[in-house]
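A.B. asks: Contents of data10.csv (CSV, C-alpha atoms) are below:
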```csv
chain,number,residue,atom,x,y,z
V,169,MET,CA,-60.2,55.1,42.8
V,170,PHE,CA,-59.6,58.8,42.2
V,171,LYS,CA,-60.2,61.3,44.9
V,172,GLN,CA,-62.0,64.4,43.9
V,173,PHE,CA,-60.6,67.6,45.5
V,174,ALA,CA,-62.6,70.7,46.2
V,175,ALA,CA,-62.1,73.5,43.9
V,176,PRO,CA,-60.0,76.3,45.2
V,177,ARG,CA,-61.8,79.2,46.8
V,178,SER,CA,-62.0,82.4,44.9
V,179,PRO,CA,-61.4,85.8,46.5
V,180,SER,CA,-65.1,86.3,46.7
V,181,SER,CA,-65.6,83.2,48.8
V,182,SER,CA,-67.3,83.3,52.2
V,183,THR,CA,-64.1,83.8,54.3
V,184,ALA,CA,-62.3,86.4,52.3
V,185,GLY,CA,-62.3,89.8,54.0
V,186,ARG,CA,-64.0,88.5,57.1
V,187,THR,CA,-62.6,89.3,60.5
V,188,PHE,CA,-62.7,87.3,63.6
V,189,SER,CA,-62.0,88.0,67.2
V,190,SER,CA,-60.4,85.7,69.7
V,191,PRO,CA,-60.1,85.9,73.5
V,192,LEU,CA,-56.3,85.6,73.0
V,193,PHE,CA,-56.1,88.6,70.7
V,194,SER,CA,-57.2,92.0,71.6
V,195,SER,CA,-57.6,93.2,68.1
V,196,LYS,CA,-59.5,91.7,65.2
V,197,LEU,CA,-57.6,89.8,62.5
V,198,SER,CA,-58.6,89.2,59.0
V,199,PHE,CA,-58.1,85.9,57.2
V,200,ASP,CA,-56.1,87.7,54.5
V,201,THR,CA,-53.4,89.0,56.8
V,202,VAL,CA,-53.0,85.7,58.7
V,203,SER,CA,-52.5,83.8,55.5
V,204,GLU,CA,-50.1,86.4,54.0
V,205,SER,CA,-47.9,86.2,57.1
V,206,ARG,CA,-47.8,82.5,57.0
V,207,VAL,CA,-47.1,82.4,53.3
V,208,GLY,CA,-44.2,84.9,53.9
V,209,ASP,CA,-42.8,82.7,56.7
V,210,PHE,CA,-43.1,79.7,54.5
V,211,ILE,CA,-41.3,81.4,51.6
V,212,GLN,CA,-38.5,82.6,53.9
V,213,TYR,CA,-38.1,79.0,55.2
V,214,ILE,CA,-38.0,77.5,51.7
V,215,SER,CA,-35.5,80.2,50.5
V,216,ASP,CA,-33.2,79.4,53.5
V,217,MET,CA,-33.5,75.7,52.8
V,218,VAL,CA,-32.6,76.2,49.1
V,219,ALA,CA,-29.6,78.4,49.9
V,220,GLY,CA,-28.3,75.6,52.2
V,221,LEU,CA,-28.9,73.0,49.5
V,222,LYS,CA,-27.0,75.1,46.9
V,223,THR,CA,-24.1,75.4,49.4
V,224,VAL,CA,-24.0,71.7,50.0
V,225,ILE,CA,-24.1,71.0,46.2
V,226,LEU,CA,-21.3,73.5,45.5
V,227,LEU,CA,-19.1,72.2,48.3
V,228,SER,CA,-19.7,68.6,47.2
V,229,PHE,CA,-18.7,69.5,43.7
V,230,VAL,CA,-15.5,71.2,44.9
V,231,LEU,CA,-14.7,68.2,47.1
V,232,ALA,CA,-15.2,65.8,44.2
V,233,VAL,CA,-12.8,67.9,42.0
V,234,GLY,CA,-10.2,67.8,44.8
V,235,PHE,CA,-10.4,64.1,45.2
V,236,LEU,CA,-10.3,63.7,41.4
V,237,LEU,CA,-7.1,65.7,41.2
V,238,VAL,CA,-5.4,63.6,43.9
V,239,ILE,CA,-6.5,60.3,42.4
V,240,LEU,CA,-5.5,61.4,38.9
V,241,SER,CA,-2.1,62.5,40.2
V,242,CYS,CA,-1.7,58.9,41.4
V,243,ALA,CA,-3.3,57.0,38.5
V,244,LEU,CA,-1.7,59.0,35.6
V,245,PHE,CA,1.8,58.4,36.7
V,246,ALA,CA,1.4,54.9,38.2
V,247,ASN,CA,2.6,55.9,41.7
V,248,TRP,CA,0.1,55.9,44.6
V,249,LEU,CA,2.2,57.8,47.1
V,250,PRO,CA,0.4,61.2,46.4
V,251,LEU,CA,-2.7,59.6,47.9
V,252,LEU,CA,-1.2,60.2,51.3
V,253,VAL,CA,-1.9,63.9,50.7
V,254,ALA,CA,-5.7,63.3,50.7
V,255,LEU,CA,-5.3,61.3,53.9
V,256,THR,CA,-3.5,64.2,55.6
V,257,PHE,CA,-6.0,66.8,54.5
V,258,VAL,CA,-8.9,64.6,55.7
V,259,ILE,CA,-7.3,64.1,59.0
V,260,ALA,CA,-6.2,67.8,59.4
V,261,PRO,CA,-9.4,69.2,61.0
V,262,LEU,CA,-9.7,66.4,63.6
V,263,PRO,CA,-7.4,68.0,66.3
V,264,ASN,CA,-9.3,71.2,66.1
V,265,ALA,CA,-12.6,69.4,66.4
V,266,ILE,CA,-11.4,67.2,69.3
V,267,PHE,CA,-9.6,69.9,71.3
V,268,ALA,CA,-12.3,72.5,70.8
V,269,HIS,CA,-14.4,70.7,73.4
V,270,CYS,CA,-11.5,70.6,75.9
V,271,GLY,CA,-11.2,74.3,76.3
V,272,GLY,CA,-13.3,75.6,79.2
V,273,GLY,CA,-14.8,78.9,78.1
V,274,ASP,CA,-15.3,81.1,81.1
V,275,ASP,CA,-17.6,84.0,81.4
V,276,PHE,CA,-14.9,86.6,81.8
V,277,SER,CA,-13.1,86.1,78.4
V,278,SER,CA,-13.5,89.1,76.2
V,279,SER,CA,-12.7,87.4,72.9
V,280,GLU,CA,-13.5,84.1,71.2
V,281,TYR,CA,-9.8,83.8,70.3
V,282,GLU,CA,-8.7,83.5,73.9
V,283,GLY,CA,-8.5,79.8,74.6
V,284,SER,CA,-6.9,77.3,76.8
V,285,ALA,CA,-3.7,75.2,76.2
V,286,ALA,CA,-5.8,72.4,74.8
V,287,ILE,CA,-7.3,74.6,72.1
V,288,ASP,CA,-3.9,75.9,71.2
V,289,LEU,CA,-2.5,72.4,71.0
V,290,GLY,CA,-5.3,71.4,68.6
V,291,ARG,CA,-4.6,74.4,66.4
V,292,PHE,CA,-0.8,73.5,66.4
V,293,LEU,CA,-1.4,69.9,65.5
V,294,THR,CA,-3.8,70.9,62.7
V,295,SER,CA,-1.2,73.3,61.3
V,296,VAL,CA,1.5,70.6,61.4
V,297,ILE,CA,-0.8,68.2,59.5
V,298,VAL,CA,-1.7,70.9,56.9
V,299,VAL,CA,2.0,71.8,56.4
V,300,THR,CA,2.8,68.1,56.0
V,301,GLY,CA,0.0,67.8,53.4
V,302,PHE,CA,1.6,70.6,51.3
V,303,ALA,CA,5.2,69.6,51.9
V,304,LEU,CA,5.0,65.9,51.4
V,305,PRO,CA,4.4,66.1,47.6
V,306,LEU,CA,7.2,68.6,47.3
V,307,VAL,CA,9.6,66.4,49.2
V,308,LEU,CA,8.6,63.4,47.1
V,309,ALA,CA,9.0,65.4,43.9
V,310,HIS,CA,12.4,66.7,45.0
V,311,ALA,CA,13.5,63.1,45.7
V,312,GLU,CA,12.2,62.1,42.3
V,313,VAL,CA,9.9,59.5,43.7
V,314,ILE,CA,6.9,61.2,42.0
V,315,ARG,CA,6.8,63.6,39.0
V,316,GLN,CA,6.5,67.4,39.5
V,317,THR,CA,3.1,67.5,37.7
V,318,ALA,CA,1.8,64.8,40.1
V,319,ALA,CA,3.0,66.8,43.0
V,320,LEU,CA,1.3,69.9,41.7
V,321,MET,CA,-2.0,68.1,41.1
V,322,SER,CA,-1.8,66.5,44.5
V,323,ILE,CA,-1.2,69.9,46.2
V,324,VAL,CA,-4.0,71.6,44.4
V,325,GLY,CA,-6.4,68.6,45.0
V,326,GLY,CA,-5.4,68.4,48.7
V,327,GLY,CA,-5.9,72.2,49.1
V,328,LEU,CA,-9.4,71.9,47.5
V,329,VAL,CA,-10.3,69.0,49.9
V,330,TYR,CA,-9.1,70.9,53.0
V,331,GLY,CA,-10.7,74.1,51.9
V,332,THR,CA,-14.0,72.3,51.3
V,333,ILE,CA,-13.8,70.8,54.8
V,334,LEU,CA,-13.1,74.2,56.4
V,335,SER,CA,-15.8,75.9,54.4
V,336,TYR,CA,-18.4,73.3,55.3
V,337,SER,CA,-17.6,73.5,59.0
V,338,GLN,CA,-17.8,77.3,58.9
V,339,VAL,CA,-21.0,77.6,56.9
V,340,PHE,CA,-22.9,75.0,58.9
V,341,LYS,CA,-21.4,75.9,62.3
V,342,GLN,CA,-24.0,75.7,65.0
V,343,GLU,CA,-24.3,78.6,67.4
V,344,GLN,CA,-23.8,77.6,71.0
V,345,ASP,CA,-26.3,78.8,73.5
V,346,GLU,CA,-24.9,81.1,76.2
V,347,PHE,CA,-26.9,79.4,79.0
```
Would you write the structure of this file as structure tokens?
C.D. replies:
Amino acid sequence: MFKQFAAPRSPSSSTAGRTFSSPLFSSKLSFDTVSESRVGDFIQYISDMVAGLKTVILLSFVLAVGFLLVILSCALFANWLPLLVALTFVIAPLPNAIFAHCGGGDDFSSSEYEGSAAIDLGRFLTSVIVVTGFALPLVLAHAEVIRQTAALMSIVGGGLVYGTILSYSQVFKQEQDEF
């Protein structure tokens, strides 16, 4: 029922300090140096994974706070129009994502900011949507359709949502191969 495991080897075990030679390696390697390099690689891999996990947890917390502010701006004042702000900020990165693949990067461009008309159109549409997301609550508050506090909560929450989306896309951006 229970498996018995072998006791861990002590440093005075039969393989500690021994060297071996291989036809693939011209020099002799010891077991200690091989295991230390593998342990170092494993620790580096785990620390990179934990850093990515901490980033995801932080970004998800900020995103949740942003959506909470937008929903509270609607629920506290019994007017659900500020919810349109969350929709605009969620839709805002889509033109950049879609039109980024349309730009044909050539080998002679000197900067990554040089782009085609499609990339510029995507950036323009994204900026229009972002400005709409910030302006819509202000226009609704000015027309007294929603309260000013609801507009402020909606703007702050929408900004957090959009900032989280941008941060996530920048942090986990995959490098493209040159060839």
A.B. asks: Find the distance between atom CA of Leu244 of chain V and atom CA of Gln316 of chain V and write it in Å to one decimal.
C.D. replies: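 So the two atoms, atom CA of Leu244 of chain V and atom CA of Gln316 of chain V, lie 12.4 Å apart.
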A.B. asks: Find the residues near segment 265-268 of chain V: any atom within 7 Å, counting all atoms listed in the file, skip ones fewer than 5 places away on the same chain, and give them as a ChimeraX atom specification.
C.D. replies: /V:286-287,290
A.B. asks: Please dump the current selection as an mmCIF file, in the frame of the given file; keep C-alpha atoms.
C.D. replies:
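The resulting file, out.cif, is shown below:
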```cif
data_model
loop_
_atom_site.group_PDB
_atom_site.id
_atom_site.type_symbol
_atom_site.label_atom_id
_atom_site.label_comp_id
_atom_site.auth_asym_id
_atom_site.auth_seq_id
_atom_site.Cartn_x
_atom_site.Cartn_y
_atom_site.Cartn_z
ATOM 1 C CA ALA V 286 -5.800 72.400 74.800
ATOM 2 C CA ILE V 287 -7.300 74.600 72.100
ATOM 3 C CA GLY V 290 -5.300 71.400 68.600
#
```
A.B. asks: Please compute the atom CA of Ile259 of chain V-atom CA of Val230 of chain V distance, one decimal, in Å.
C.D. replies: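 For atom CA of Ile259 of chain V relative to atom CA of Val230 of chain V, the distance reads 17.8 Å.
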A.B. asks: From the list V:Val329, V:Ala246, V:Ile239, V:Val253, which residue is nearest Ala303 of chain V when using all atoms listed in the file?
C.D. replies: V:Val253
A.B. asks: Report, in Å with one decimal, the straight-line distance from atom CA of Val299 of chain V to atom CA of Thr256 of chain V.
C.D. replies: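 So the two atoms, atom CA of Val299 of chain V and atom CA of Thr256 of chain V, lie 9.4 Å apart.
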A.B. asks: Can you pull out the residues contacting Leu304 of chain V? Cut-off 12 Å, using all atoms listed in the file, and skip same-chain residues under 5 positions away; I want them as a ChimeraX atom specification.
C.D. replies: /V:249-257,296-299,309-311,313-314,318-320,322-323,326
A.B. asks: Go through V:Phe292, V:Gly234, V:Phe340, V:Val258 and flag the residue nearest Gly220 of chain V, using only C-alpha atoms for the distances.
C.D. replies: V:Phe340
A.B. asks: Step by step: start from the point (-11.5, 73.7, 60.0) in the file's coordinates, keep every protein, DNA or RNA residue that has an atom no farther than 8 Å from it, count all atoms listed in the file, and write the set as an MDAnalysis selection string.
C.D. replies: chainID V and resid 260:261 264:265 330 333:335 337:338
A.B. asks: Pick the closest to Gly301 of chain V from V:Val238, V:Cys270, V:Ala232, V:Val224: which is it, counting only C-alpha atoms?
C.D. replies: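 With only C-alpha atoms as the atom set, the closest residue is V:Val238.
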A.B. asks: For Val339 of chain V, which residue among V:Asn247, V:Thr223, V:Ser241, V:Ser284 is the nearest when counting only C-alpha atoms?
C.D. replies: V:Thr223
A.B. asks: Nearest residue to Phe302 of chain V out of V:Ile214, V:Ile225, V:Leu328, V:Leu289, using all atoms listed in the file?
C.D. replies: V:Leu328
